[in-house]
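Encoded as structure tokens, the structure appears first; notes follow it.
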Amino acid sequence: MIGKLLGGLFGFGNNHTITAALPLYIYFLGGSAAEVGMTAAAMAVCASLSRPLVGVVLDRLGSRRPILLGCLTMAVVSLLFGLWQWIPGIMIMRGIQGLGFAFVTSGFIAVMGEAADVKVQRQGLAMAGMAMPLSLGFFPWLVERFAAADAFGLVFFIGALTASVSGMFFAASVTGLPRRHRTAPLEVFPKRSLRLGIPLAIAAFLGMADSAALSFLPIYASEQGLSFSLFFAVWAGTMVFYQFALSRGFIHVFRAAWLPVIGCGFLVASLCLLFLFPSSMGLVAAAMAFSLGFGSIETGTYSLVMSRIEASQRGTGVSWVQLAISSGRAVGGLGFGFTAALIGVRTTYLGLAMLGVIPLLLALAALVKMDSSSP
């Protein structure tokens, strides 16, 4: 389990290294903010569109080979960023990197939740939730230090190195596909898909809230005279401790359906705090609530989806959750941006909180209707 977790940590580390470096690098090459946005969109679109196919590949071939292929792709592309100083080419490479990232992240979640025992499965998914915040808390800081000296070649080498280390950890810890899955039918849509509607809708809301935080919090903090890095530091630290608590057994205090309810509640509270208390203390409280909401929804939706589909289709299920989150990020980013232009960022956070009542009610409805056989 530790080897898989470290593989995920360095896999996210590659993405956070490149994500933090590319905007600075594009400006260094004389690019514009629009080109920075298009580069980011290239990865998001390619990763999102590939998710259903990635799930099929994982279910058919197992996680090991697709993950290693994804790590290799991310490593090679990271090196090419420093060699190909043509911005349209960088956009193309970022899209290719998105495909590799889709294989690595979907495969990582699938192997962390592959246990047959429900309790062990939930613990694995909770541990998986620690990889991203641990990476976010370190690698962008590292980029900031080197990018200040325009040492982008070294930054991209670090990105390639993290992807390579990720591949080594996965190669050592991920086994081949269980024999019983080798004859599984190729299906893009998981069986009993209607049972996944509410969990996927909640995952989409998580993507919307995540987009609002990552993309617009710096603007909010600037308008209010606050430090946005404080929010991300508290968010990462709180989520690591929370996911660790979930992985050590705290998750068994709740039924799986309780976690999305708790998560939606915390996300709504976080968005309200940003509107009501534009201060450093309010920012810290909002960051803590946001991390608890993010961790609860992420772990809870993965657990619910995996418990409602056949074991041979877990890769497909994971990919559809990630597709829902990515779609929420895209829709949320566009909607939040247009709304904020009309009524301001701070007020738009309140509007998103009001919208969050809908997935909260859906999560409560799922809990009420859950049959006794569900975990």
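Chain identifiers are assigned as A, B, and so on, following the order in which chains appear in the structure tokens; residues are numbered from 1 within each chain, and ligands are numbered from 1 in order of appearance.
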Applying 12 Å and only C-alpha atoms, which residues near Asp210 of chain A remain after dropping the ones on its own chain fewer than 2 positions away? List them as number ranges by chain.
A: 203-208, 212-217, 232, 235, 267, 270-271, 287, 290-291, 293-295, 297-298, 325-333, 336, 349, 352
With N, CA and C atoms retained, write the just-selected residues as a compact mmCIF listing (two decimals), in the first residue's frame.
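Saved as again33.txt:
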```txt
# COMPACT_ATOMS: atom_id res chain seq x y z
N ALA A 203 -20.03 14.43 -7.28
CA ALA A 203 -18.65 14.59 -7.73
C ALA A 203 -18.51 15.81 -8.65
N ALA A 204 -19.53 16.05 -9.48
CA ALA A 204 -19.50 17.23 -10.36
C ALA A 204 -19.51 18.52 -9.54
N PHE A 205 -20.29 18.56 -8.47
CA PHE A 205 -20.30 19.74 -7.60
C PHE A 205 -18.93 19.94 -6.95
N LEU A 206 -18.29 18.83 -6.57
CA LEU A 206 -16.94 18.93 -6.02
C LEU A 206 -16.01 19.60 -7.03
N GLY A 207 -16.13 19.21 -8.31
CA GLY A 207 -15.31 19.84 -9.33
C GLY A 207 -15.59 21.32 -9.47
N MET A 208 -16.86 21.72 -9.37
CA MET A 208 -17.22 23.13 -9.46
C MET A 208 -16.60 23.93 -8.32
N ALA A 212 -13.62 26.82 -8.42
CA ALA A 212 -13.83 28.15 -7.83
C ALA A 212 -12.71 28.50 -6.86
N ALA A 213 -12.22 27.49 -6.12
CA ALA A 213 -11.15 27.74 -5.16
C ALA A 213 -9.81 27.95 -5.86
N LEU A 214 -9.44 27.03 -6.73
CA LEU A 214 -8.12 27.09 -7.34
C LEU A 214 -7.96 28.27 -8.30
N SER A 215 -8.99 28.56 -9.06
CA SER A 215 -8.87 29.57 -10.11
C SER A 215 -9.16 30.99 -9.64
N PHE A 216 -10.05 31.15 -8.67
CA PHE A 216 -10.51 32.49 -8.33
C PHE A 216 -10.14 32.95 -6.92
N LEU A 217 -9.64 32.04 -6.09
CA LEU A 217 -9.25 32.48 -4.75
C LEU A 217 -8.13 33.51 -4.76
N PHE A 232 -4.19 27.74 0.70
CA PHE A 232 -3.73 26.47 0.15
C PHE A 232 -2.88 25.69 1.16
N TRP A 235 -5.36 24.27 3.62
CA TRP A 235 -6.13 23.24 2.90
C TRP A 235 -5.33 21.95 2.80
N LEU A 267 -18.45 21.89 2.26
CA LEU A 267 -18.17 22.76 1.12
C LEU A 267 -19.08 23.98 1.10
N SER A 270 -17.84 26.30 3.72
CA SER A 270 -16.62 26.98 3.31
C SER A 270 -16.92 28.16 2.39
N LEU A 271 -17.80 27.94 1.43
CA LEU A 271 -18.16 29.01 0.49
C LEU A 271 -18.86 30.16 1.20
N ALA A 287 -10.68 27.41 4.59
CA ALA A 287 -9.76 26.41 4.07
C ALA A 287 -9.92 25.08 4.78
N PHE A 290 -13.19 23.58 3.65
CA PHE A 290 -13.07 23.13 2.26
C PHE A 290 -12.34 21.79 2.19
N SER A 291 -11.25 21.66 2.94
CA SER A 291 -10.48 20.41 2.89
C SER A 291 -11.29 19.24 3.44
N GLY A 293 -14.54 19.01 3.39
CA GLY A 293 -15.56 18.71 2.39
C GLY A 293 -14.99 17.97 1.19
N PHE A 294 -13.84 18.43 0.71
CA PHE A 294 -13.21 17.79 -0.44
C PHE A 294 -12.88 16.34 -0.13
N GLY A 295 -12.24 16.10 1.01
CA GLY A 295 -11.85 14.75 1.38
C GLY A 295 -13.03 13.82 1.58
N ILE A 297 -16.16 14.07 0.26
CA ILE A 297 -16.84 13.76 -1.01
C ILE A 297 -16.00 12.84 -1.87
N GLU A 298 -14.71 13.14 -1.98
CA GLU A 298 -13.85 12.32 -2.84
C GLU A 298 -13.83 10.87 -2.37
N ILE A 325 -15.91 14.92 -12.03
CA ILE A 325 -15.18 16.00 -11.37
C ILE A 325 -14.60 16.96 -12.39
N SER A 326 -13.99 16.42 -13.45
CA SER A 326 -13.40 17.28 -14.49
C SER A 326 -14.46 18.12 -15.19
N SER A 327 -15.63 17.53 -15.46
CA SER A 327 -16.71 18.27 -16.09
C SER A 327 -17.19 19.40 -15.18
N GLY A 328 -17.29 19.10 -13.89
CA GLY A 328 -17.67 20.14 -12.93
C GLY A 328 -16.67 21.28 -12.91
N ARG A 329 -15.39 20.93 -13.01
CA ARG A 329 -14.36 21.98 -13.04
C ARG A 329 -14.52 22.88 -14.26
N ALA A 330 -14.79 22.27 -15.42
CA ALA A 330 -14.93 23.05 -16.65
C ALA A 330 -16.16 23.95 -16.58
N VAL A 331 -17.30 23.37 -16.23
CA VAL A 331 -18.54 24.14 -16.16
C VAL A 331 -18.47 25.19 -15.06
N GLY A 332 -17.94 24.78 -13.89
CA GLY A 332 -17.83 25.70 -12.77
C GLY A 332 -16.92 26.88 -13.07
N GLY A 333 -15.80 26.61 -13.74
CA GLY A 333 -14.88 27.70 -14.05
C GLY A 333 -15.50 28.72 -14.97
N PHE A 336 -18.56 30.42 -13.05
CA PHE A 336 -18.10 31.30 -11.97
C PHE A 336 -17.49 32.57 -12.56
N TYR A 349 -19.25 33.51 -4.60
CA TYR A 349 -19.06 32.39 -3.67
C TYR A 349 -20.35 32.07 -2.92
N LEU A 352 -22.62 30.17 -5.30
CA LEU A 352 -22.22 28.77 -5.45
C LEU A 352 -22.61 27.97 -4.21
```
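If only C-alpha atoms are the atoms counted, then among A:Pro278, A:Met130, A:Val345, A:Val261 the closest residue to Ile2 of chain A is A:Met130.
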List the neighbours of Met38 of chain A out to 12 Å using only C-alpha atoms; skip same-chain residues closer than 5 positions along the sequence, and give me the result as a PyMOL selection string.
chain A and resi 22-23+26+31-33+43-45+87-92+94-95
Selection file, C-alpha atoms, as a CSV table (one decimal), in the first residue's frame:
```csv
chain,number,residue,atom,x,y,z
A,22,LEU,CA,4.2,26.4,-17.5
A,23,PRO,CA,2.4,29.8,-16.9
A,26,ILE,CA,5.0,30.7,-21.4
A,31,GLY,CA,3.3,34.4,-24.4
A,32,SER,CA,0.0,35.9,-23.2
A,33,ALA,CA,-2.5,35.0,-20.5
A,43,MET,CA,-4.7,19.1,-20.7
A,44,ALA,CA,-8.1,19.3,-19.1
A,45,VAL,CA,-10.0,18.5,-22.3
A,87,ILE,CA,4.0,27.8,-27.6
A,88,PRO,CA,1.5,25.9,-29.9
A,89,GLY,CA,3.8,22.9,-29.6
A,90,ILE,CA,3.7,23.2,-25.8
A,91,MET,CA,-0.1,23.2,-26.0
A,92,ILE,CA,0.0,20.0,-27.9
A,94,ARG,CA,0.3,19.4,-22.6
A,95,GLY,CA,-2.6,17.7,-24.1
```
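Nearest residue to Gly82 of chain A, choosing from A:Leu364, A:Ser296, A:Ile198, A:Ile18 and counting only C-alpha atoms: A:Ile18.
Note that atom CA of Ala41 of chain A and atom CA of Arg64 of chain A are 27.7 Å apart.
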I want to know what sits within 12 Å of Leu350 of chain A, based on only C-alpha atoms, with residues of the same chain fewer than 2 positions away left out; could you give that as an NGL selection string?
:A and (209 or 212 or 267-277 or 336 or 339-340 or 343-348 or 352-357)
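What separates atom CA of Tyr302 of chain A from atom CA of Val321 of chain A is a distance of 7.1 Å.
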Please provide as a count of residues only all residues within 7 Å of segment 97-104 of chain A, with the sequence filter that same-chain residues fewer than 4 positions apart are discarded (counting only C-alpha atoms).
17
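Excluding segment 148-159 of chain A and any residue on its chain fewer than 6 positions from it, the residues at most 9 Å away by only C-alpha atoms are Gly13, Asn14, Asn15, His16, Thr17, Ile18, Ala21, Leu24, Tyr25, Phe28, Met74, Ala75, Ser78, Leu79, Leu80, Phe81, Gly82, Leu83 and Leu142 of chain A.
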Report as a PyMOL selection string all protein, DNA and RNA residues lying within 9 Å of Ala171 of chain A, evaluated on only C-alpha atoms, omitting residues in the same chain fewer than 3 positions from it.
chain A and resi 7+64-65+67-68+166-168+174-175
Take the residues from that selection and put them in a file with C-alpha atoms, as a short mmCIF file (atom, residue, chain, number, x, y, z; two decimals), in the first residue's frame.
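Result file again-v9.cif:
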```cif
data_model
loop_
_atom_site.label_atom_id
_atom_site.label_comp_id
_atom_site.auth_asym_id
_atom_site.auth_seq_id
_atom_site.Cartn_x
_atom_site.Cartn_y
_atom_site.Cartn_z
CA GLY A 7 3.67 6.27 -6.70
CA ARG A 64 0.09 -1.95 -14.10
CA ARG A 65 0.85 -1.46 -17.81
CA ILE A 67 0.01 3.30 -15.25
CA LEU A 68 3.59 2.69 -16.36
CA SER A 166 6.34 7.42 -9.68
CA GLY A 167 6.72 4.71 -12.31
CA MET A 168 9.36 2.90 -10.25
CA VAL A 174 1.27 -2.96 -8.55
CA THR A 175 0.69 -6.54 -9.63
#
```
Using only C-alpha atoms, find the one residue out of A:Ala163, A:Leu259, A:Gln85, A:Ala20 that sits nearest to Leu304 of chain A.
A:Leu259
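Of note, atom CA of Trp258 of chain A and atom CA of Thr301 of chain A are spaced 10.1 Å apart.
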